[in-house]
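**Student:** Pasting start04.txt below, which is compact mmCIF, C-alpha atoms.
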# COMPACT_ATOMS: atom_id res chain seq x y z
CA MET A 609 -26.14 40.51 -33.23
CA ARG A 610 -28.20 37.48 -34.18
CA ARG A 611 -25.85 35.19 -32.21
CA VAL A 612 -26.11 37.41 -29.09
CA LEU A 613 -29.90 37.37 -29.27
CA LEU A 614 -29.92 33.61 -29.70
CA CYS A 615 -27.66 33.11 -26.68
CA GLY A 616 -29.82 35.44 -24.62
CA LEU A 617 -32.93 33.52 -25.63
CA LEU A 618 -31.35 30.20 -24.63
CA ILE A 619 -30.40 31.55 -21.19
CA LEU A 620 -33.91 32.93 -20.74
CA LEU A 621 -35.53 29.63 -21.74
CA SER A 622 -33.26 27.51 -19.52
CA GLY A 623 -33.50 29.79 -16.52
CA CYS A 624 -29.71 29.53 -16.13
CA SER A 625 -27.25 32.25 -15.32
CA THR A 626 -23.48 32.47 -15.22
CA LEU A 627 -22.17 30.76 -12.05
CA VAL A 628 -19.71 32.92 -10.15
CA ILE A 629 -17.51 31.22 -7.53
CA ASP A 630 -15.41 33.34 -5.20
CA ARG A 631 -12.17 31.50 -4.36
CA THR A 632 -10.66 34.28 -2.28
CA TYR A 633 -10.70 32.24 0.93
CA THR A 634 -9.12 28.87 1.69
CA ALA A 635 -10.10 26.70 4.65
CA LYS A 636 -7.31 25.80 7.03
CA SER A 637 -8.88 22.47 8.04
CA GLN A 638 -8.38 20.20 5.05
CA ASP A 639 -6.09 17.52 3.72
CA SER A 640 -5.68 15.27 0.71
CA ARG A 641 -8.28 12.75 -0.39
CA ALA A 642 -5.38 10.27 -0.62
CA GLN A 643 -4.81 8.94 2.89
CA PHE A 644 -3.32 5.58 1.90
CA LEU A 645 -0.79 4.35 -0.63
CA ILE A 646 -1.26 0.73 -1.70
CA LEU A 647 1.39 -1.33 -3.50
CA HIS A 648 0.58 -4.34 -5.68
CA TYR A 649 2.15 -6.71 -8.13
CA THR A 650 0.24 -7.41 -11.31
CA ALA A 651 0.89 -11.21 -11.48
CA ILE A 652 0.98 -10.88 -15.29
CA ASP A 653 3.41 -9.44 -17.83
CA HIS A 654 3.50 -5.83 -19.01
CA PRO A 655 1.26 -6.02 -22.12
CA LYS A 656 -1.42 -7.94 -20.22
CA SER A 657 -1.10 -5.61 -17.22
CA LEU A 658 -1.61 -2.55 -19.37
CA ARG A 659 -4.60 -4.10 -21.12
CA VAL A 660 -6.29 -5.29 -17.92
CA LEU A 661 -5.72 -2.05 -16.01
CA THR A 662 -7.06 0.12 -18.82
CA GLN A 663 -9.80 -2.06 -20.34
CA ASP A 664 -11.19 -4.25 -17.55
CA ALA A 665 -13.11 -3.58 -14.34
CA VAL A 666 -9.93 -3.05 -12.31
CA SER A 667 -7.60 -0.08 -12.50
CA SER A 668 -4.76 1.67 -10.73
CA HIS A 669 -3.39 5.18 -10.62
CA TYR A 670 0.05 4.02 -11.70
CA LEU A 671 1.66 1.06 -13.41
CA VAL A 672 5.43 0.61 -13.09
CA SER A 673 6.75 -1.64 -15.82
CA ASP A 674 9.86 -3.81 -15.70
CA GLY A 675 10.93 -2.92 -19.24
CA ALA A 676 10.10 -6.35 -20.62
CA GLY A 677 7.50 -6.80 -23.30
CA GLU A 678 7.72 -3.23 -24.59
CA PRO A 679 9.00 -3.16 -28.18
CA GLY A 680 11.91 -0.77 -28.55
CA ASN A 681 11.92 0.07 -24.83
CA GLU A 682 13.89 -2.09 -22.44
CA LYS A 683 13.81 0.39 -19.55
CA ALA A 684 11.43 0.39 -16.62
CA LYS A 685 8.80 3.08 -16.95
CA ILE A 686 5.97 4.69 -14.97
CA PHE A 687 2.53 4.90 -16.60
CA GLN A 688 -0.20 7.03 -15.05
CA LEU A 689 -3.55 5.43 -15.81
CA VAL A 690 -5.89 7.30 -13.44
CA ASP A 691 -5.60 10.88 -12.24
CA GLU A 692 -4.79 11.08 -8.52
CA THR A 693 -7.91 13.16 -7.92
CA ARG A 694 -10.08 10.28 -9.12
CA ARG A 695 -10.82 6.88 -7.63
CA ALA A 696 -9.18 3.81 -9.11
CA TYR A 697 -10.40 0.25 -8.50
CA HIS A 698 -7.36 -1.53 -7.12
CA ALA A 699 -7.99 -2.31 -3.43
CA GLY A 700 -11.33 -4.09 -3.51
CA LEU A 701 -12.80 -5.27 -0.20
CA SER A 702 -10.24 -3.85 2.19
CA SER A 703 -9.60 -2.41 5.63
CA TRP A 704 -6.87 -0.90 7.80
CA LYS A 705 -7.10 0.55 11.30
CA GLY A 706 -10.86 0.80 11.12
CA HIS A 707 -10.93 2.35 7.65
CA THR A 708 -12.74 0.28 5.04
CA GLN A 709 -13.29 0.28 1.27
CA LEU A 710 -9.94 1.96 0.69
CA ASN A 711 -10.37 2.65 -3.02
CA ALA A 712 -12.01 5.94 -2.12
CA ALA A 713 -9.09 7.13 0.03
CA SER A 714 -6.00 5.67 -1.60
CA ILE A 715 -3.57 5.85 -4.47
CA GLY A 716 -2.69 2.52 -6.03
CA ILE A 717 0.60 1.53 -7.62
CA GLU A 718 0.67 -1.68 -9.65
CA ILE A 719 4.15 -3.09 -10.29
CA VAL A 720 4.71 -5.48 -13.18
CA ASN A 721 5.87 -8.71 -11.58
CA ILE A 722 4.70 -12.25 -12.29
CA GLY A 723 4.60 -12.90 -8.55
CA PHE A 724 5.32 -16.62 -8.38
CA ARG A 725 5.17 -19.93 -10.15
CA ASP A 726 4.77 -23.41 -8.77
CA GLY A 727 7.45 -25.87 -9.84
CA ALA A 728 8.83 -29.27 -8.93
CA ASN A 729 10.77 -27.75 -6.04
CA GLY A 730 7.87 -25.75 -4.68
CA ARG A 731 6.78 -22.16 -5.15
CA GLU A 732 9.28 -19.76 -6.72
CA TYR A 733 8.89 -16.01 -6.22
CA PHE A 734 10.24 -13.39 -8.61
CA ASP A 735 12.55 -10.51 -7.70
CA TYR A 736 11.94 -6.86 -8.48
CA PRO A 737 14.65 -5.41 -10.75
CA LYS A 738 16.62 -2.56 -9.19
CA ALA A 739 15.78 -0.13 -12.01
CA GLN A 740 12.09 -0.83 -11.48
CA MET A 741 12.36 -0.39 -7.72
CA ASP A 742 14.26 2.88 -8.18
CA LEU A 743 11.21 4.20 -10.01
CA VAL A 744 8.81 2.79 -7.41
CA VAL A 745 10.70 4.46 -4.56
CA ALA A 746 10.85 7.77 -6.42
CA LEU A 747 7.12 7.58 -7.15
CA VAL A 748 6.28 6.72 -3.54
CA LYS A 749 8.35 9.68 -2.35
CA LYS A 750 6.53 11.99 -4.76
CA ILE A 751 3.11 10.82 -3.58
CA VAL A 752 4.08 11.01 0.10
CA ARG A 753 5.43 14.52 -0.34
CA GLU A 754 2.40 15.81 -2.25
CA HIS A 755 -0.31 14.13 -0.17
CA ASN A 756 1.44 13.76 3.20
CA VAL A 757 0.61 10.06 3.32
CA GLN A 758 1.68 8.89 6.73
CA PRO A 759 4.29 6.11 7.06
CA ASP A 760 1.96 3.55 8.63
CA ARG A 761 -0.43 3.99 5.71
CA ILE A 762 2.02 2.89 3.01
CA LEU A 763 0.80 -0.66 2.64
CA GLY A 764 0.74 -3.76 0.52
CA HIS A 765 -2.40 -5.31 -0.90
CA SER A 766 -1.77 -8.21 1.48
CA ASP A 767 -1.99 -5.82 4.45
CA ILE A 768 -5.42 -4.50 3.58
CA ALA A 769 -6.89 -7.74 2.18
CA PRO A 770 -4.99 -10.58 3.89
CA LEU A 771 -7.64 -13.22 3.29
CA ARG A 772 -7.57 -12.62 -0.46
CA LYS A 773 -4.20 -11.23 -1.48
CA THR A 774 -0.47 -11.86 -1.00
CA ASP A 775 0.96 -9.13 -3.23
CA PRO A 776 3.41 -7.48 -3.48
CA GLY A 777 4.83 -10.70 -2.06
CA PRO A 778 7.91 -11.85 -0.11
CA ARG A 779 10.41 -10.46 -2.61
CA PHE A 780 9.18 -6.90 -2.37
CA PRO A 781 11.95 -4.88 -0.65
CA TRP A 782 10.03 -3.29 2.21
CA LYS A 783 13.30 -2.83 4.09
CA ARG A 784 14.48 -0.49 1.35
CA LEU A 785 11.39 1.66 1.86
CA ALA A 786 12.25 1.74 5.56
CA ASP A 787 15.87 2.70 4.79
CA GLU A 788 14.55 5.48 2.55
CA GLY A 789 12.60 6.89 5.49
CA LEU A 790 9.20 5.97 4.08
CA ILE A 791 7.88 3.35 6.51
CA PRO A 792 8.59 2.42 10.14
CA TRP A 793 10.64 -0.70 10.82
CA PRO A 794 11.07 -2.84 13.95
CA ASP A 795 14.17 -2.05 15.99
CA GLU A 796 16.44 -5.07 15.53
CA LYS A 797 18.01 -4.90 19.00
CA LEU A 798 14.63 -4.72 20.68
CA VAL A 799 13.30 -7.60 18.58
CA ALA A 800 16.25 -9.76 19.60
CA GLU A 801 15.63 -9.00 23.26
CA LYS A 802 11.94 -9.75 23.02
CA LYS A 803 12.54 -12.95 21.08
CA THR A 804 14.70 -14.30 23.92
CA TYR A 805 11.73 -13.88 26.24
CA TYR A 806 9.12 -15.24 23.83
CA ASP A 807 11.28 -18.29 23.11
CA THR A 808 10.53 -19.21 26.70
CA VAL A 809 6.96 -17.97 27.04
CA LEU A 810 5.02 -17.82 23.78
CA PRO A 811 1.88 -15.66 24.01
CA ASN A 812 -1.48 -17.27 23.38
CA VAL A 813 -3.50 -16.75 20.20
CA LEU A 814 -5.67 -14.03 21.72
CA TRP A 815 -2.52 -12.00 22.43
CA PHE A 816 -1.56 -12.29 18.75
CA GLN A 817 -5.06 -11.24 17.69
CA GLN A 818 -4.96 -8.20 19.95
CA LYS A 819 -1.53 -7.17 18.67
CA LEU A 820 -2.60 -7.69 15.05
CA GLU A 821 -5.54 -5.39 15.66
CA ALA A 822 -3.29 -2.78 17.27
CA HIS A 823 -1.05 -2.97 14.21
CA GLY A 824 -3.91 -2.34 11.78
CA PHE A 825 -5.55 -5.64 10.83
CA SER A 826 -9.09 -6.66 11.77
CA PRO A 827 -8.73 -10.17 13.19
CA PRO A 828 -11.38 -12.02 15.18
CA GLN A 829 -10.87 -11.81 18.93
CA ASN A 830 -11.77 -15.39 19.75
CA GLY A 831 -8.47 -16.89 20.87
CA GLU A 832 -8.59 -19.44 18.06
CA LEU A 833 -5.95 -19.97 15.40
CA ASP A 834 -8.51 -19.84 12.62
CA LYS A 835 -8.08 -19.17 8.91
CA ALA A 836 -8.43 -15.40 9.25
CA THR A 837 -5.89 -15.15 12.08
CA ARG A 838 -3.36 -17.28 10.19
CA ALA A 839 -3.82 -15.17 7.08
CA MET A 840 -3.14 -11.95 8.98
CA ILE A 841 -0.07 -13.38 10.73
CA ALA A 842 1.20 -14.50 7.32
CA ALA A 843 0.56 -11.03 5.86
CA PHE A 844 2.53 -9.48 8.73
CA GLN A 845 5.38 -11.93 8.15
CA LEU A 846 5.35 -11.18 4.40
CA LYS A 847 6.49 -7.67 5.20
CA TYR A 848 8.68 -8.01 8.28
CA ARG A 849 10.03 -11.57 8.10
CA GLN A 850 10.13 -12.64 4.49
CA SER A 851 12.19 -15.78 5.08
CA LEU A 852 9.18 -17.59 6.60
CA PHE A 853 5.55 -16.56 6.20
CA ASP A 854 3.48 -19.61 7.04
CA GLY A 855 1.09 -17.88 9.43
CA THR A 856 2.47 -19.67 12.48
CA PRO A 857 2.44 -17.58 15.69
CA ASP A 858 6.06 -18.20 16.74
CA ALA A 859 8.47 -16.35 19.05
CA GLU A 860 10.14 -14.25 16.37
CA THR A 861 6.82 -13.09 14.96
CA ALA A 862 5.67 -12.23 18.50
CA ALA A 863 8.83 -10.20 19.07
CA ILE A 864 8.45 -8.23 15.83
CA LEU A 865 4.73 -7.70 16.40
CA ASP A 866 5.35 -6.52 19.95
CA ALA A 867 8.04 -4.10 18.77
CA MET A 868 5.83 -2.67 16.04
CA THR A 869 2.91 -2.07 18.42
CA SER A 870 4.74 -0.98 21.57
CA GLY A 871 6.87 1.93 20.42
CA GLY A 872 9.72 -0.24 19.21
CA SER A 873 9.62 0.78 15.57
CA VAL A 874 12.10 3.12 13.91
CA LEU A 875 11.34 5.74 11.28
CA LYS A 876 14.44 7.15 9.64
CA ARG A 877 14.40 10.83 8.79
CA ALA A 878 14.19 11.57 5.08
CA ASP A 879 14.90 15.28 4.69
CA GLU A 880 13.87 15.46 1.06
CA LEU A 881 10.36 14.33 2.02
CA GLY A 882 9.83 17.10 4.51
CA SER A 883 8.12 16.50 7.83
CA ILE A 884 6.38 13.14 8.19
CA HIS A 885 4.32 12.27 11.24
CA LEU A 886 2.81 8.98 12.31
CA ALA A 887 -0.97 8.83 12.62
CA ARG A 888 -2.35 9.81 16.01
Starting from the file, lay out its structure as structure tokens.
**Tutor:**
Amino acid sequence: MRRVLLCGLLILLSGCSTLVIDRTYTAKSQDSRAQFLILHYTAIDHPKSLRVLTQDAVSSHYLVSDGAGEPGNEKAKIFQLVDETRRAYHAGLSSWKGHTQLNAASIGIEIVNIGFRDGANGREYFDYPKAQMDLVVALVKKIVREHNVQPDRILGHSDIAPLRKTDPGPRFPWKRLADEGLIPWPDEKLVAEKKTYYDTVLPNVLWFQQKLEAHGFSPPQNGELDKATRAMIAAFQLKYRQSLFDGTPDAETAAILDAMTSGGSVLKRADELGSIHLAR
């Protein structure tokens, strides 16, 4: 009795009452907070990655290890570090198709990979082990299915921040994601046809800038091959032509860029993902 009186007194003094929320109705017009899925490499080993992503000012929803550096565990593994309903700090200053500051509308996946090292014979990039990529693909499929992330919004850090970032790098198997029905890919036959034309007549820099913008980047529209334009061409090449990504606006890059922005991309059907539609 004393406890009931005390509780009643506290409610009276605070002016509070029990909050009742009726959840009978659900709005039809809604979607997930997660509109983008961003892939990264950590550039450091697993123990350092785990420490940085949990203790420092950066974070990610998921970390996919490579199995190395984990005592007693030599298998790749997925760690969830931030709940998907909350914002993680992985994208930084970023933009895609007019959307900016993508931390607030994205899910981030960090993949343990050193990235590269500079040696006597130039820069050496590191592969992604198959077991690790199997987990990455499975995780991407899960996120796409649950949040209906559209194929042209599954991106690398280099896509959304081309002047600052190059991850997940030229060894990341984007083509596998395309083969799994997750992202669109340029039609090879169409690219070959367009390359034959562009070998003869290479578009000017302004054409490249306009196509880059149509694809999703935010290049200047000044007709100059400046630092920003080169960086965005290189970021595009990192995904679609990984054999050469020097930022040079050549015929093959023009052909791929034209295909990707003129209805010449292919999205394979992945039945287990359900219906996936490109952004309007």
**Student:** Quick one: of A:Ala728, A:Gly777, A:Tyr806, A:Leu671, who's nearest to Ser851 in chain A, counting all atoms listed in the file?
**Tutor:**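 Result for the nearest residue to Ser851 in chain A: A:Gly777.
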**Student:** Would you mind reading off the distance between CA of Ala739 in chain A and CA of Leu846 in chain A, one decimal, in Å?
**Tutor:**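 According to the coordinates, CA of Ala739 in chain A and CA of Leu846 in chain A are separated by 22.4 Å.
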**Student:** Looking at all atoms listed in the file, which of A:Leu820, A:Ala642, A:Val628, A:Val809 is the one that sits closest to Ala696 in chain A?
**Tutor:**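 Using all atoms listed in the file, the shortest distance to Ala696 in chain A belongs to A:Ala642.
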**Student:** Have a look at CA of Gly723 in chain A and CA of Val752 in chain A and let me know their distance in Å, one decimal.
**Tutor:**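 CA of Gly723 in chain A sits 25.4 Å away from CA of Val752 in chain A.
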**Student:** So which one's closest to Pro792 in chain A, A:Ile686, A:Ile629, A:Met868, A:Ala665? Using all atoms listed in the file, please.
**Tutor:**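 Of all the options, A:Met868 lies closest to Pro792 in chain A.
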**Student:** Which of these residues is nearest to Val745 in chain A, using all atoms listed in the file: A:Gly764, A:Pro781, A:Pro811, A:Gly872?
**Tutor:**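 The closest residue to Val745 in chain A is A:Pro781.
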**Student:** Mind giving me the straight-line distance from CA of Ile841 in chain A to CA of Val813 in chain A in Å, one decimal?
**Tutor:** 10.6 Å
**Student:** Of the candidates A:Leu661, A:Val874, A:Leu763, A:Val748, which one gets nearest to Val720 in chain A if we count only C-alpha atoms?
**Tutor:**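 Ranking A:Leu661, A:Val874, A:Leu763, A:Val748 by distance to Val720 in chain A, first place goes to A:Leu661.
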**Student:** Calculated over all atoms listed in the file, which of the candidates A:Ile722, A:Gly727, A:Ile864, A:Arg659 has the smallest distance to Lys797 in chain A?
**Tutor:**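 Nearest to Lys797 in chain A: A:Ile864.
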**Student:** Find the residues around Lys749 in chain A up to 10 Å (only C-alpha atoms counted), leave out those fewer than 4 positions away in its own chain, and share them as a ChimeraX atom specification.
**Tutor:** /A:743-745,753-757,785,788-790,878,880-881
**Student:** Using all atoms listed in the file, find all polymer residues with an atom at most 12 Å away from the point (-15.4, -4.1, -1.5); report them as a PyMOL selection string.
**Tutor:** chain A and resi 697-703+708-712+768-769+772
**Student:** Starting from the incomplete input, reconstruct N, CA and C atoms of range 803-821 of chain A and write that as an mmCIF file, in the frame of the given file.
**Tutor:**
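Once written, result-v5.cif looks like this:
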data_model
loop_
_atom_site.group_PDB
_atom_site.id
_atom_site.type_symbol
_atom_site.label_atom_id
_atom_site.label_comp_id
_atom_site.auth_asym_id
_atom_site.auth_seq_id
_atom_site.Cartn_x
_atom_site.Cartn_y
_atom_site.Cartn_z
ATOM 1 N N LYS A 803 12.567 -11.561 21.545
ATOM 2 C CA LYS A 803 12.540 -12.950 21.080
ATOM 3 C C LYS A 803 13.093 -13.897 22.145
ATOM 4 N N THR A 804 14.132 -13.469 22.847
ATOM 5 C CA THR A 804 14.700 -14.300 23.920
ATOM 6 C C THR A 804 13.633 -14.625 24.954
ATOM 7 N N TYR A 805 12.804 -13.651 25.263
ATOM 8 C CA TYR A 805 11.730 -13.880 26.240
ATOM 9 C C TYR A 805 10.648 -14.778 25.651
ATOM 10 N N TYR A 806 10.224 -14.478 24.413
ATOM 11 C CA TYR A 806 9.120 -15.240 23.830
ATOM 12 C C TYR A 806 9.527 -16.655 23.434
ATOM 13 N N ASP A 807 10.820 -16.910 23.308
ATOM 14 C CA ASP A 807 11.280 -18.290 23.110
ATOM 15 C C ASP A 807 10.928 -19.151 24.319
ATOM 16 N N THR A 808 10.833 -18.504 25.459
ATOM 17 C CA THR A 808 10.530 -19.210 26.700
ATOM 18 C C THR A 808 9.035 -19.227 26.985
ATOM 19 N N VAL A 809 8.392 -18.092 26.759
ATOM 20 C CA VAL A 809 6.960 -17.970 27.040
ATOM 21 C C VAL A 809 6.262 -17.408 25.800
ATOM 22 N N LEU A 810 5.703 -18.274 24.994
ATOM 23 C CA LEU A 810 5.020 -17.820 23.780
ATOM 24 C C LEU A 810 3.608 -17.350 24.125
ATOM 25 N N PRO A 811 3.229 -16.147 23.718
ATOM 26 C CA PRO A 811 1.880 -15.660 24.010
ATOM 27 C C PRO A 811 0.804 -16.543 23.381
ATOM 28 N N ASN A 812 -0.384 -16.487 23.937
ATOM 29 C CA ASN A 812 -1.480 -17.270 23.380
ATOM 30 C C ASN A 812 -2.042 -16.590 22.131
ATOM 31 N N VAL A 813 -2.963 -17.249 21.477
ATOM 32 C CA VAL A 813 -3.500 -16.750 20.200
ATOM 33 C C VAL A 813 -4.241 -15.436 20.383
ATOM 34 N N LEU A 814 -4.942 -15.284 21.496
ATOM 35 C CA LEU A 814 -5.670 -14.030 21.720
ATOM 36 C C LEU A 814 -4.709 -12.858 21.789
ATOM 37 N N TRP A 815 -3.531 -13.059 22.387
ATOM 38 C CA TRP A 815 -2.520 -12.000 22.430
ATOM 39 C C TRP A 815 -2.135 -11.598 21.003
ATOM 40 N N PHE A 816 -1.901 -12.582 20.142
ATOM 41 C CA PHE A 816 -1.560 -12.290 18.750
ATOM 42 C C PHE A 816 -2.694 -11.522 18.073
ATOM 43 N N GLN A 817 -3.921 -11.924 18.302
ATOM 44 C CA GLN A 817 -5.060 -11.240 17.690
ATOM 45 C C GLN A 817 -5.157 -9.791 18.153
ATOM 46 N N GLN A 818 -4.914 -9.566 19.428
ATOM 47 C CA GLN A 818 -4.960 -8.200 19.950
ATOM 48 C C GLN A 818 -3.844 -7.344 19.374
ATOM 49 N N LYS A 819 -2.654 -7.912 19.246
ATOM 50 C CA LYS A 819 -1.530 -7.170 18.670
ATOM 51 C C LYS A 819 -1.750 -6.916 17.176
ATOM 52 N N LEU A 820 -2.298 -7.879 16.474
ATOM 53 C CA LEU A 820 -2.600 -7.690 15.050
ATOM 54 C C LEU A 820 -3.593 -6.550 14.859
ATOM 55 N N GLU A 821 -4.568 -6.483 15.742
ATOM 56 C CA GLU A 821 -5.540 -5.390 15.660
ATOM 57 C C GLU A 821 -4.881 -4.055 15.964
#
